[in-house]
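Trainee: Have a look at this one before I ask anything.
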Amino acid sequence: MDAAAPHLTGLAAHTTTRHVCALLSAFAGWAHWLCAHWYVLAMIIAVCWGAGELVVRRLGARASAQRMALELLSTRHFEPTPEEIFRRGVQLARASTSMPWWAPRRSKAVQIRLRADGSAPLRYRVEGPAGAERLLSITPFGPDVTVARGRPIADRPREHTVRAEFILRGKPTAPLREVPLAPDPLQPLIDAVADLRAELGDLAELRLDMQRAPKWVLRARRRQLMGAARRCERREAQRAARWLRQDASGIEDSLGWQVQQLLSDRPAAGGGRRLVMPPVPRRVEPTEALGKLAEDDQLVRVQLLVMCASNTAGRAEARMAQLQAALDVFGGRSRWAMRGWQLGPWRIGADRWPTRRGFERRWSLGHCQPPRANWVRLEELRGLLKPPTVHCRLPVLASDLPTFRFGDPELLLQGIYRGPDGRQRLVATYAEETLFEVGVGKAGGGKTERALAQAIGWAHAGGGLVFVDPHRDSWPRARPFLAHDDLMQRIALIDLNGLGPSPRISSWNPLGMHQGQAAHEVVEAIADAYASALAWDDASAPRALTILTAALSVLAAVNEAACRAGRPEDQATIFHIRALLTDAAFRTAALAAVADRLDGDTRAWWQSVFPTLPADAFAVVLNPIARLAANPLTRAFLGRPAGVYDIRAAMDSRMIVWVCPGGNGPTDRLLTALLARDLLRAARSRRDTPEGKRVPFRPYFDELITLTGAAPETIAAMFEDLRKYKCHVHGMTQLLSRLPTPVRQSLVQNASTLATTAGSKSAIAPVTAEWGDDPSPDRVATMDRFEHYISMNVRGSRIGPVRLRGPHLDAVFAALARPKQALALEHAAQANAQAIPLNQATDRATGQLGRVTAFLSAHSPAGAAAHLSNEKDQEFG
C-alpha cells in the first residue's frame, strides 16, 4: 500500500491537469464560436435591452398618468427675495422623488412649463407627481402668488413645428451666469414671445425638467471629472517639460553659450550639458476640478426642451431663434446651447430622425432623460423658479385687452395700442365692466377727443348717451361722424349758447308732471339742486330751504292737476314760484285748487307759518329765479309748460342727447345743477324697471371743474350710485385737485378706467399715485400729445397702466365721416328736441302765468278758499 501511494498521487495530479486543459479548451472553443457568430450575442443583448426598455417605458407611462398640474399666477406687486426663490427650488427638488417605488428614474421629475399661446403673456405651470401636490400648493411666495389646479392642455395640430433640446456647453463644472432679479430674468423670454399672434396659430413653450440624480451617478461623474483633470495636468506638465528641454537645447547650441564655455576656466559639468529638471504635475484640488459638483447639496439634473409652432411658414423658426437668444442671457463660462449638429443649411437635432421620436415621447409623458452635462445648482435656476415679478414688463395681448370692433355693443373703445412688434390695434374694454371712467390731462391733450371717439363708437353700436359740454366745442367736432340716417332719429340737441341771429331753443319744465314723474322726487331734485348751487344747508339757510320746498310742493300739485285734467299746456314752471310767494291772489287760487292734494303738514304750514314770514324772507329764494328769468335763453328753455327734454325717456329709448348749457356764471351753475340733479333723479327712478330690462346709458361730462362747481354732491352721488341703474358715467377734467373733495374721492375710488395725458408733474401726481408711481410723473409729463396712460378693468382684472395713443376721429372714424350731411343732422337734432326760435319760445314763456291763472280759476272748488280760511282760524283757536 505504501508503495502504491506515489503512483495514486501522480495519477490524481494528472487528472486535475487534464480537467483544467479541457476547461480551457472549451472556453477557447466558445470564444472561437462567439467570434464566428458574434451576431447571435449582439442579438441576445439587443433583445434583453429592448425588453428592459419596453418594461421601463410602460412603467414610466403608468407613472406619468399619476401626475398633477398647478397653475401659478403672480400679482403685479410680486417681488420675491432670493431666499424665497431658493426655498421654492428645494420644494421642487424634494417633490421630484414623490413617486411610487416601482416608478423608473426618468419619471421621477418635476416640470416647469413656460407657455405662450395668446391667452397670457407667459403662463407659468408646474407639473409633477400627484403625491407632491400638497407640498407644491403652498409656496414660500405668500399671497402675491395664487396657486390653482391646472386643467389639461390640448393643443390643436399646427402646420409648422420646430423642436429643440438644450444642453450645457462650455466648462462642465462652471456655473451659469448669476442673473439679477431686477430686471426680471424672465424678461428676455417674455420679450421673445411678445409679438406672438394667436390668430396665426403661434405657440411657444419651454419645459424645464428637474430631478435628483442617484449618488452613484454623481460619484461616477466626479471620478470622470477628476480623471480628466489629472490627465490634463499631466499633459500640461509634459508640455512644460518639452518646452524646457527645447529652451535648454536652444541655449546650449547658441553662439553666446559656446563662446562662454571657451572663455570659462571651469569646464561645464556633465560634458557641457545643463541638467534640466522636468516639472512635476500639479496636485489636482477636488474643489477646483469639480467646481459646482464638489458639494452634494441642492444639485439637480435638468432637461430643457423647447417647442415652437405656427400655421405660417417661418414664424416657428424665427420664434425658436428668439428663444435661443433669450437663453443666452443665462450664459457665462457655461451656457445653454442647442443640442445637435449643423451641416450646412441642415440641422440634425430634435426635429430629425433618430432623436425626434424620443423628444416627442419625453414631451408628451414628461419624462426626464437629461444629457450627461446638465448638472446645475438651484441658485443657477433662480430666474426660472418663480412666476414673473414686479420687475417684468408684460405685453398686452388680445386676450388681455380685446380688440375694438365697430358696431359691437359689448365693447367700448379706449385707444390705439402699439405692440412690441410695431403693430397697432384699436383696443377696448367690455361695456358691462366699464362702470365709471375718469380722464385727466391738460387742455388740448386729447382727453375730449378720446371721449368723443368712445361716444361715437357707442352710438353707432346702438347705445344711448348724453354728452354734457358747457363750451359746445364737442358738438361741431362730432357732428360729421354722427350724420347717418339711422342715427338722426335718435339724436337731440339741447343748445343754450344762443348762437346765430335766430337761435332755436328746446324746452324743459323741471316741475312738469306730464312725463309721469313722482311729485315728491321732482320737488326733492329741484330743492337739492338749489341747495347744491347756492351752498344751502340746514345750518346756513334752513328757512330758505323750507320756503322753496313748500312752494315747489304746491306747484307740483298744480301741475299734477293740470295733467289729470288733460291740460299739460297749463302747467306751472319754476318761474311761478315768485307769483306763488308774492301774489296773494295767485297763491289763494293755487292753494284752493290743490287743497285736497296737499298733506296736512303742508296745508298747516301755508296757513300758520307762511303769514308770519317777513317780506324779505323770500328774497334769497327769488333772486336766483330772477336771474334765470332775466336771461332770455334760460327763460325760454325753462318757462314753457310741457317741456320736451326728458332724460329718463332718453335712457330707455337709447337716445343720443347733446346738452350744451353755455357759460359758467352763477345763473349757468344753477341751470347745470338742475340738469345734473334731474339726471340723478331719472336714473334712480329706474328702480321701477327690473335690472335685466334696464337699458345701458352713458352720461359724458366734459369740463368736470365747471360742472362740479354747480353740483358737487350730485356728481359725487352719480359716481357712487348710478352703476346700480346701468348708468355709467364718464368724466373729463384738467386737474383732479380743482375738483371738490367728495367728487375727487368718488372718482378715484370707483373709476373702472383711469386715464391721463401729459401735463405738469404736480397735476399728474395724484393719478400716478393711484398706480404706485409706476409710471412715474416724470415719464407721464413728457408724453407726446394724444398719448395716454390708462388702467382698465377687463374680466375682473386690472390691466395697466398701459400706454395708448388716443383715437383721432379723422383717422379712426374716417369711413364714418359724412360732412355733407352735417347740416341735415343739425336740423334733425333740433327737430327731435322740438327747438323753436327764441322769440317764439320767449313769448310762450311770458304768457304762461296767465294760462296757469286761468286754469286755477276754472278748477278751484267752490268755497275752497273759505274752507282754508276756517281751518286757519281753528288752528289759532
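All residue names refer to the C-alpha cells as shown: chains lettered A, B, ... in order, residues numbered from 1 in each chain, ligands numbered from 1 in order.
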Pick out the residues sitting within 7 Å of A:Leu435, and hand them over as number ranges by chain; count only C-alpha atoms, and ignore anything fewer than 4 positions along from it in its own chain.
Mentor: A: 723, 728-729, 752
Trainee: For stretch 85-151 of chain A versus stretch 378-390 of chain A, which residues have an atom no more than 7 Å away, and what is each residue's nearest atom pair and distance in Å rounded to one decimal, using only C-alpha atoms, chain-then-number order, as a Markdown table?
Mentor:
```
| residue | atom | partner | partner_atom | distance |
| --- | --- | --- | --- | --- |
| A:Ile85 | CA | A:Arg382 | CA | 6.3 |
| A:Phe86 | CA | A:Leu378 | CA | 6.8 |
| A:Arg88 | CA | A:Leu385 | CA | 6.9 |
| A:Gly89 | CA | A:Leu378 | CA | 6.1 |
| A:Tyr124 | CA | A:Pro387 | CA | 5.9 |
```
Trainee: So which residues touch A:Ala579 within 10 Å, counting only C-alpha atoms, skipping near sequence neighbours fewer than 6 positions away, as a list in words?
Mentor: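 Listing them by chain and then by number gives Ala585, Phe586, Arg587, Leu622 and Leu849 of chain A.
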Trainee: For the residues in that selection, give me N, CA, C and O atoms as a PDB file, in the first residue's frame.
Mentor:
```pdb
ATOM      1  N   ALA A 585    -103.383 136.751  -4.714  1.00  0.00           N
ATOM      2  CA  ALA A 585    -104.484 136.179  -5.482  1.00  0.00           C
ATOM      3  C   ALA A 585    -104.075 134.861  -6.124  1.00  0.00           C
ATOM      4  O   ALA A 585    -104.831 133.875  -6.094  1.00  0.00           O
ATOM      5  N   PHE A 586    -102.891 134.838  -6.713  1.00  0.00           N
ATOM      6  CA  PHE A 586    -102.418 133.603  -7.336  1.00  0.00           C
ATOM      7  C   PHE A 586    -102.226 132.521  -6.283  1.00  0.00           C
ATOM      8  O   PHE A 586    -102.571 131.352  -6.502  1.00  0.00           O
ATOM      9  N   ARG A 587    -101.687 132.938  -5.130  1.00  0.00           N
ATOM     10  CA  ARG A 587    -101.447 131.963  -4.073  1.00  0.00           C
ATOM     11  C   ARG A 587    -102.755 131.389  -3.564  1.00  0.00           C
ATOM     12  O   ARG A 587    -102.885 130.169  -3.351  1.00  0.00           O
ATOM     13  N   LEU A 622     -86.038 134.032  -4.292  1.00  0.00           N
ATOM     14  CA  LEU A 622     -86.474 134.629  -5.550  1.00  0.00           C
ATOM     15  C   LEU A 622     -85.330 135.191  -6.376  1.00  0.00           C
ATOM     16  O   LEU A 622     -85.448 135.278  -7.608  1.00  0.00           O
ATOM     17  N   LEU A 849     -97.997 132.565 -17.242  1.00  0.00           N
ATOM     18  CA  LEU A 849     -98.623 132.890 -15.962  1.00  0.00           C
ATOM     19  C   LEU A 849    -100.126 133.084 -16.131  1.00  0.00           C
ATOM     20  O   LEU A 849    -100.919 132.624 -15.289  1.00  0.00           O
TER      21      LEU A 849
END
```
Trainee: Excluding A:Gly142 and residues on its chain fewer than 4 positions from it, collect all residues at most 10 Å away from it, counting only C-alpha atoms, and give them as a JSON list (two decimals) with all heavy atoms, in the first residue's frame.
Mentor:
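Generated output (out-v8.json):
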```json
[["chain", "number", "residue", "atom", "x", "y", "z"],
["A", 78, "PHE", "N", -45.68, 91.35, -7.03],
["A", 78, "PHE", "CA", -44.89, 90.20, -6.61],
["A", 78, "PHE", "C", -43.40, 90.51, -6.73],
["A", 78, "PHE", "O", -42.89, 90.80, -7.81],
["A", 78, "PHE", "CB", -45.25, 89.00, -7.48],
["A", 78, "PHE", "CG", -44.41, 87.77, -7.22],
["A", 78, "PHE", "CD1", -44.23, 87.30, -5.94],
["A", 78, "PHE", "CD2", -43.82, 87.10, -8.27],
["A", 78, "PHE", "CE1", -43.47, 86.18, -5.69],
["A", 78, "PHE", "CE2", -43.06, 85.97, -8.05],
["A", 78, "PHE", "CZ", -42.88, 85.51, -6.75],
["A", 80, "PRO", "N", -40.23, 88.62, -5.00],
["A", 80, "PRO", "CA", -39.66, 87.65, -4.06],
["A", 80, "PRO", "C", -38.21, 87.96, -3.75],
["A", 80, "PRO", "O", -37.49, 88.62, -4.52],
["A", 80, "PRO", "CB", -39.79, 86.33, -4.83],
["A", 80, "PRO", "CG", -39.67, 86.73, -6.26],
["A", 80, "PRO", "CD", -40.33, 88.08, -6.36],
["A", 84, "GLU", "N", -36.54, 83.23, -0.74],
["A", 84, "GLU", "CA", -37.84, 82.63, -1.07],
["A", 84, "GLU", "C", -37.75, 81.79, -2.34],
["A", 84, "GLU", "O", -38.35, 80.71, -2.42],
["A", 84, "GLU", "CB", -38.88, 83.74, -1.24],
["A", 84, "GLU", "CG", -39.27, 84.43, 0.06],
["A", 84, "GLU", "CD", -40.20, 85.60, -0.17],
["A", 84, "GLU", "OE1", -40.26, 86.09, -1.31],
["A", 84, "GLU", "OE2", -40.87, 86.02, 0.79],
["A", 138, "ILE", "N", -48.52, 75.04, -1.50],
["A", 138, "ILE", "CA", -48.22, 76.14, -0.57],
["A", 138, "ILE", "C", -46.80, 76.61, -0.87],
["A", 138, "ILE", "O", -45.83, 75.92, -0.59],
["A", 138, "ILE", "CB", -48.35, 75.70, 0.89],
["A", 138, "ILE", "CG1", -49.77, 75.17, 1.15],
["A", 138, "ILE", "CG2", -48.03, 76.85, 1.83],
["A", 138, "ILE", "CD1", -49.97, 74.64, 2.55],
["A", 146, "THR", "N", -50.88, 83.19, -6.57],
["A", 146, "THR", "CA", -52.05, 82.33, -6.43],
["A", 146, "THR", "C", -51.78, 81.01, -7.12],
["A", 146, "THR", "O", -51.37, 80.97, -8.28],
["A", 146, "THR", "CB", -53.29, 83.00, -7.05],
["A", 146, "THR", "OG1", -53.49, 84.27, -6.42],
["A", 146, "THR", "CG2", -54.52, 82.13, -6.86]]
```
Trainee: Using DSSP on the backbone coordinates, identify all residues within stretch 569-804 of chain A classified as helix (DSSP H, G or I); present the result as a VMD selection string.
Mentor: chain A and resid 569 to 570 576 to 582 584 to 593 595 to 597 600 to 612 615 to 630 632 to 638 647 to 652 666 to 688 691 to 693 704 to 710 712 to 725 741 to 750 761 to 770 777 to 781
Trainee: Would you list the contacts of stretch 700-717 of chain A as an MDAnalysis selection string, taking every protein, DNA or RNA residue within 7 Å and counting only C-alpha atoms, but skipping same-chain residues closer than 2 positions in sequence?
Mentor: chainID A and resid 466:469 529 532:533 664 669:670 672:673 676:677 698 719:721 729:733 738:740 742:743 746
Trainee: Which residues are close to stretch 185-188 of chain A, i.e. within 8 Å by only C-alpha atoms, leaving aside same-chain residues fewer than 4 positions away? Reply as a ChimeraX atom specification.
Mentor: /A:179-181,192,326-327,329,383-384,388,392-393
Trainee: Limited to all heavy atoms, could you put the picked residues into a file as a short mmCIF file (atom, residue, chain, number, x, y, z; two decimals), in the first residue's frame?
Mentor:
```
data_model
loop_
_atom_site.label_atom_id
_atom_site.label_comp_id
_atom_site.auth_asym_id
_atom_site.auth_seq_id
_atom_site.Cartn_x
_atom_site.Cartn_y
_atom_site.Cartn_z
N VAL A 179 -27.85 85.83 -12.86
CA VAL A 179 -28.69 86.89 -13.42
C VAL A 179 -29.40 87.60 -12.28
O VAL A 179 -30.04 86.95 -11.44
CB VAL A 179 -29.71 86.31 -14.42
CG1 VAL A 179 -30.54 87.43 -15.04
CG2 VAL A 179 -29.00 85.50 -15.50
N PRO A 180 -29.34 88.93 -12.19
CA PRO A 180 -30.03 89.64 -11.10
C PRO A 180 -31.54 89.54 -11.24
O PRO A 180 -32.08 89.27 -12.31
CB PRO A 180 -29.54 91.09 -11.27
CG PRO A 180 -29.14 91.19 -12.70
CD PRO A 180 -28.61 89.85 -13.09
N LEU A 181 -32.22 89.77 -10.14
CA LEU A 181 -33.68 89.69 -10.12
C LEU A 181 -34.36 90.94 -10.64
O LEU A 181 -35.57 90.95 -10.87
CB LEU A 181 -34.17 89.41 -8.70
CG LEU A 181 -33.79 88.04 -8.12
CD1 LEU A 181 -34.30 87.91 -6.70
CD2 LEU A 181 -34.31 86.91 -9.00
N ALA A 192 -39.29 87.58 -26.09
CA ALA A 192 -39.20 86.70 -27.25
C ALA A 192 -40.57 86.27 -27.76
O ALA A 192 -40.71 85.95 -28.95
CB ALA A 192 -38.35 85.48 -26.91
N ALA A 326 -32.78 84.47 -26.08
CA ALA A 326 -33.18 84.78 -24.70
C ALA A 326 -32.44 83.92 -23.70
O ALA A 326 -32.07 84.38 -22.61
CB ALA A 326 -34.69 84.60 -24.55
N LEU A 327 -32.19 82.65 -24.04
CA LEU A 327 -31.45 81.77 -23.13
C LEU A 327 -29.98 82.13 -23.05
O LEU A 327 -29.29 81.75 -22.09
CB LEU A 327 -31.61 80.32 -23.58
CG LEU A 327 -33.01 79.72 -23.40
CD1 LEU A 327 -33.07 78.33 -24.01
CD2 LEU A 327 -33.40 79.65 -21.93
N VAL A 329 -28.89 84.86 -22.31
CA VAL A 329 -28.72 85.77 -21.17
C VAL A 329 -28.17 85.03 -19.96
O VAL A 329 -27.44 85.61 -19.15
CB VAL A 329 -30.07 86.43 -20.84
CG1 VAL A 329 -29.98 87.27 -19.57
CG2 VAL A 329 -30.53 87.29 -22.00
N GLY A 383 -33.79 82.32 -11.81
CA GLY A 383 -34.68 83.10 -12.67
C GLY A 383 -35.85 82.32 -13.20
O GLY A 383 -36.85 82.93 -13.65
N LEU A 384 -35.80 80.97 -13.18
CA LEU A 384 -36.87 80.15 -13.74
C LEU A 384 -37.74 79.49 -12.68
O LEU A 384 -38.70 78.80 -13.03
CB LEU A 384 -36.27 79.06 -14.63
CG LEU A 384 -35.41 79.55 -15.80
CD1 LEU A 384 -34.78 78.37 -16.50
CD2 LEU A 384 -36.24 80.36 -16.78
N PRO A 388 -43.45 85.59 -13.22
CA PRO A 388 -43.00 86.97 -13.45
C PRO A 388 -43.22 87.85 -12.23
O PRO A 388 -44.22 87.73 -11.52
CB PRO A 388 -43.85 87.43 -14.64
CG PRO A 388 -44.21 86.18 -15.36
CD PRO A 388 -44.36 85.14 -14.29
N CYS A 392 -40.98 92.86 -14.19
CA CYS A 392 -41.17 92.30 -15.53
C CYS A 392 -42.19 93.14 -16.29
O CYS A 392 -43.27 93.44 -15.77
CB CYS A 392 -41.63 90.85 -15.44
SG CYS A 392 -41.64 90.00 -17.02
N ARG A 393 -41.86 93.53 -17.51
CA ARG A 393 -42.79 94.25 -18.37
C ARG A 393 -43.56 93.23 -19.20
O ARG A 393 -42.99 92.51 -20.00
CB ARG A 393 -42.05 95.19 -19.33
CG ARG A 393 -41.24 96.27 -18.64
CD ARG A 393 -40.65 97.22 -19.68
NE ARG A 393 -40.01 96.49 -20.77
CZ ARG A 393 -38.76 96.06 -20.75
NH1 ARG A 393 -38.00 96.28 -19.69
NH2 ARG A 393 -38.25 95.41 -21.79
#
```
Trainee: Using only C-alpha atoms, determine which residues lie at most 6 Å from A:Ile505, disregarding the query and same-chain residues fewer than 3 positions distant; provide the list as a PDB file with all heavy atoms, in the first residue's frame.
Mentor:
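That gives us result12.pdb:
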```pdb
ATOM      1  N   ALA A 835     -87.016 122.185 -30.889  1.00  0.00           N
ATOM      2  CA  ALA A 835     -86.497 123.533 -30.677  1.00  0.00           C
ATOM      3  C   ALA A 835     -87.209 124.505 -31.609  1.00  0.00           C
ATOM      4  O   ALA A 835     -87.432 124.213 -32.792  1.00  0.00           O
ATOM      5  CB  ALA A 835     -84.994 123.565 -30.935  1.00  0.00           C
ATOM      6  N   ILE A 836     -87.574 125.656 -31.086  1.00  0.00           N
ATOM      7  CA  ILE A 836     -88.253 126.696 -31.859  1.00  0.00           C
ATOM      8  C   ILE A 836     -87.448 127.981 -31.732  1.00  0.00           C
ATOM      9  O   ILE A 836     -86.589 128.114 -30.847  1.00  0.00           O
ATOM     10  CB  ILE A 836     -89.707 126.890 -31.364  1.00  0.00           C
ATOM     11  CG1 ILE A 836     -89.711 127.353 -29.897  1.00  0.00           C
ATOM     12  CG2 ILE A 836     -90.513 125.608 -31.547  1.00  0.00           C
ATOM     13  CD1 ILE A 836     -91.113 127.654 -29.368  1.00  0.00           C
ATOM     14  N   LEU A 838     -86.076 131.583 -30.741  1.00  0.00           N
ATOM     15  CA  LEU A 838     -86.011 132.143 -29.390  1.00  0.00           C
ATOM     16  C   LEU A 838     -87.167 133.096 -29.108  1.00  0.00           C
ATOM     17  O   LEU A 838     -87.744 133.076 -28.009  1.00  0.00           O
ATOM     18  CB  LEU A 838     -84.668 132.853 -29.204  1.00  0.00           C
ATOM     19  CG  LEU A 838     -84.451 133.555 -27.857  1.00  0.00           C
ATOM     20  CD1 LEU A 838     -84.517 132.560 -26.717  1.00  0.00           C
ATOM     21  CD2 LEU A 838     -83.109 134.297 -27.850  1.00  0.00           C
TER      22      LEU A 838
END
```
Trainee: I'd like to know which of A:Pro420, A:Pro157, A:Pro104, A:Pro641 is closest to A:Ile190, using only C-alpha atoms.
Mentor: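 Closest to A:Ile190 of all the choices is A:Pro420.
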Trainee: For A:His788, which residue out of A:Gly439, A:Ala615, A:Pro501, A:Thr403 is the nearest one, using only C-alpha atoms?
Mentor: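 Answer, going by the shortest atom-to-atom distance: A:Gly439.
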Trainee: For the structure I just gave you, how does DSSP split stretch 385-462 of chain A - specifically, which residues are strand (DSSP E or B)? Reply as number ranges by chain.
Mentor: A: 403, 411-418, 424-430, 437-440
Trainee: Please report the interatomic distance between atom CA of A:Asp688 and atom CA of A:Ile494 in Å with one decimal.
Mentor: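 Here the two named atoms are 27.0 Å from each other.
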